[in-house]
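Down below is the structure, laid out as structure tokens.
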Amino acid sequence: MKTKRYDVVVVGGGIGGIAAAIAAARRGCKTALIEKLFVPGGLATSGLVYIYLPICDGCGTQVSKSLAEELLHKSFLYGPGSVDEKWQERKAHGHDSTRYRCIFSPAACMLGWESMLEEAGVDVWYDSLVCGVRMERRRVKAVELENMSGRVAVAGKVFVDASGSCVVARLAGAPTLSANNSRTIWVLDHQKGVKPSPQKDMGEHLAINYISSLPPEELPPDYDKPNYREPSGKDVSEYALSTRRELRQKYLDAYASGKYDRTTLFPVKLPIMPQFRRIWCIDGKTTLQPDQYGMRFEDSIGMVADWRRFGEVWEVPYGSLLPQKVEGVLAAGRCTAAAGDAWEVTRVIPSAAVTGEAAGVAAALCVKRRTIPSLLPVKALQHALAENGVPLHLPDVGLSYK
Ligand SMILES: Cc1cc2nc3c(=O)[nH]c(=O)nc-3n(C[C@H](O)[C@H](O)[C@H](O)COP(=O)(O)OP(=O)(O)OC[C@H]3O[C@@H](n4cnc5c(N)ncnc54)[C@H](O)[C@@H]3O)c2cc1C
């Protein structure tokens, strides 16, 4: 089997992996990004997500900067989207459309993020499924992938697991946490006469429609039943088949109502990734717990805002990027360690960018210092992140602890 060698190997080309790969490559590392799909962005694009959730606290303070901000602006470079200029106006309550966030078209976002990978010199491997790890004692030394060339080994000095489901960490034997997922039925429609709104405008007549926006009495049975915990391969197929069956019914009902026909309402694009929000995250050296917003972590690698609540800001500890029992691997994105409600905050796009950048910088420092992530002095990492413009602690942006 052929072996390719890199300094840093990032598994997963979602937002977490993109941020990690760019951060490592910008620090001079020979970096590979391995992605099983044929496009970048992961759930944020292939799952037809279209809101880059806020990088501010909702009370006028920006808390995530550097790559989290750069990626936000690149998400709408080739399509509709903008940041509301009034985002700094203090909001006590209400809807969040004036926070520092944006709406993007998933395809435009793919183009924008891919251009950043190319500019950073990341070696992108699409259509490549990681399906094995090679270990030396507890340390991951290579991953094995399948693609058109057959089976290939990719060796690295440090690995970033940004697979959204802890593929590397689990194959290596690290403990993980899981959570329930409810069903999501989501489609990019052409819908004549659709009222443009900040939430739905993807261009004329295009809207991402989702059945969760229906009134409760019209929701399909079992819509919100929490299930799909630790989904098996067969569960994923069942999820796809059942949600698409319901989508077909949605179109048939709309045509039968006489309000639409096949030329005025039809699907343009379906999600091509299972829309599970939380699959597996590592049970880290530190696992972020519910209600730990507004708390100081000495080893903070950046901050993220609660997208659902105003004024709740979380410092993210470096320990939440470090798996237990396995060496040579950092988690990024929704794979980072968070329990319960804390995972709701760390799993979203801006948070994945923050942890991705931290993982990429940490990996690059490990390469330079010939060490492993668990032995990297956190002060060195914090210094490097601060050089990138990442605020680490609440007082850095003028906020105080609770
Ligand atoms: C229905 C739904 C709506 C959401 N809405 C929003 C929203 O409005 N705003 C927001 O900010 N967030 C939203 N989120 C959350 C957000 O989109 C994701 O949590 C976030 O994008 C995760 O990024 P990630 O990089 O951690 O993981 P992922 O996006 O899951 O990326 C992981 C990547 O790894 C690849 N991969 C997996 N296994 C392998 C393997 N074995 N080999 C190679 N590649 C592999 C995958 O193909 C994928 O591209 C939503 C999520 C869902 C499910």
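Order determines the names: the first chain of the structure tokens is A, the second B, and so forth; residues in each chain are numbered 1 upward, and ligands are numbered 1 upward as they are shown.
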
Residues within 7 Å of Gly16 (chain A), only C-alpha atoms, excluding chain neighbours under 6 positions, as a CSV table (one decimal) with N, CA, C and O atoms, in the first residue's frame:
```
chain,number,residue,atom,x,y,z
A,162,ALA,N,-11.6,16.1,12.5
A,162,ALA,CA,-12.7,17.1,12.3
A,162,ALA,C,-13.8,16.4,11.5
A,162,ALA,O,-14.4,17.0,10.7
A,332,ALA,N,-11.5,18.8,16.5
A,332,ALA,CA,-12.0,20.1,16.1
A,332,ALA,C,-13.5,20.0,15.7
A,332,ALA,O,-14.0,19.0,15.4
A,333,GLY,N,-14.1,21.2,15.8
A,333,GLY,CA,-15.5,21.3,15.4
A,333,GLY,C,-16.4,20.5,16.4
A,333,GLY,O,-16.2,20.5,17.6
A,352,ALA,N,-17.1,25.8,15.5
A,352,ALA,CA,-16.3,24.8,14.8
A,352,ALA,C,-15.1,25.6,14.2
A,352,ALA,O,-14.0,25.0,14.1
A,353,ALA,N,-15.3,26.8,13.7
A,353,ALA,CA,-14.2,27.6,13.2
A,353,ALA,C,-13.2,27.9,14.2
A,353,ALA,O,-12.0,27.8,14.0
A,355,THR,N,-12.6,26.3,17.2
A,355,THR,CA,-11.8,25.1,17.7
A,355,THR,C,-10.9,24.6,16.5
A,355,THR,O,-9.9,24.0,16.8
A,356,GLY,N,-11.4,24.7,15.3
A,356,GLY,CA,-10.6,24.3,14.1
A,356,GLY,C,-9.3,25.1,14.1
A,356,GLY,O,-8.2,24.5,13.9
```

Taking only C-alpha atoms and all ligand atoms and a cut-off of 7 Å, can you tell me which residues surround ligand 1, written as a count of residues only?
44

Could you please determine the separation between CA of Ser75 (chain A) and CA of Ala25 (chain A) in Å, to one decimal place?
20.0 Å

As a PDB file with C-alpha atoms, in the first residue's frame, list the residues of region 183-349 of chain A assigned to strand (DSSP E or B) by DSSP on the backbone atoms of this structure.
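Dumped to part_7.pdb:
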```pdb
ATOM      1  CA  TRP A 186     -34.854  20.044   4.691  1.00  0.00           C
ATOM      2  CA  VAL A 187     -34.762  20.875   0.988  1.00  0.00           C
ATOM      3  CA  LEU A 188     -33.734  23.713  -1.314  1.00  0.00           C
ATOM      4  CA  ASP A 189     -36.936  24.457  -3.229  1.00  0.00           C
ATOM      5  CA  HIS A 190     -37.838  26.503  -6.226  1.00  0.00           C
ATOM      6  CA  GLN A 191     -41.068  28.036  -5.019  1.00  0.00           C
ATOM      7  CA  LEU A 206     -35.267  29.774  -4.177  1.00  0.00           C
ATOM      8  CA  ALA A 207     -35.760  28.994  -0.536  1.00  0.00           C
ATOM      9  CA  ILE A 208     -34.570  26.421   1.902  1.00  0.00           C
ATOM     10  CA  ASN A 209     -37.748  24.992   3.283  1.00  0.00           C
ATOM     11  CA  TYR A 210     -37.922  22.659   6.140  1.00  0.00           C
ATOM     12  CA  ASN A 227     -33.725   9.106  18.419  1.00  0.00           C
ATOM     13  CA  LEU A 265     -42.838  24.295  -6.634  1.00  0.00           C
ATOM     14  CA  PHE A 266     -40.137  21.695  -6.974  1.00  0.00           C
ATOM     15  CA  PRO A 267     -36.991  20.514  -5.239  1.00  0.00           C
ATOM     16  CA  VAL A 268     -33.667  21.881  -6.491  1.00  0.00           C
ATOM     17  CA  LYS A 269     -31.252  20.256  -4.065  1.00  0.00           C
ATOM     18  CA  TRP A 280     -20.056  11.491  18.747  1.00  0.00           C
ATOM     19  CA  CYS A 281     -17.706  13.939  20.429  1.00  0.00           C
ATOM     20  CA  ILE A 282     -14.605  12.985  22.375  1.00  0.00           C
ATOM     21  CA  GLY A 284     -11.864  14.933  26.451  1.00  0.00           C
ATOM     22  CA  LEU A 288     -17.226  21.399  28.648  1.00  0.00           C
ATOM     23  CA  SER A 300      -8.800  28.842  26.917  1.00  0.00           C
ATOM     24  CA  ILE A 301      -8.094  28.713  23.171  1.00  0.00           C
ATOM     25  CA  GLY A 302     -10.868  31.113  22.143  1.00  0.00           C
ATOM     26  CA  MET A 303     -14.425  32.120  22.835  1.00  0.00           C
ATOM     27  CA  VAL A 304     -17.809  31.267  21.391  1.00  0.00           C
ATOM     28  CA  ALA A 305     -21.198  32.867  21.870  1.00  0.00           C
ATOM     29  CA  VAL A 313     -20.160  33.605  26.152  1.00  0.00           C
ATOM     30  CA  TRP A 314     -18.021  30.521  26.650  1.00  0.00           C
ATOM     31  CA  GLU A 315     -14.284  30.209  26.911  1.00  0.00           C
ATOM     32  CA  VAL A 316     -13.225  26.935  25.266  1.00  0.00           C
ATOM     33  CA  PRO A 317     -10.532  24.972  27.147  1.00  0.00           C
ATOM     34  CA  PRO A 323      -8.949  12.913  23.596  1.00  0.00           C
ATOM     35  CA  GLU A 327      -1.967  10.509  21.495  1.00  0.00           C
ATOM     36  CA  VAL A 329      -4.741  13.615  17.740  1.00  0.00           C
ATOM     37  CA  LEU A 330      -6.628  16.866  18.304  1.00  0.00           C
ATOM     38  CA  ALA A 331     -10.388  17.169  17.945  1.00  0.00           C
ATOM     39  CA  ALA A 338     -18.863  19.019  25.381  1.00  0.00           C
TER      40      ALA A 338
END
```

Interatomic distance between CA of Ala337 (chain A) and CA of Gln292 (chain A)?
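One can read the CA of Ala337 (chain A) to CA of Gln292 (chain A) distance as 13.0 Å.
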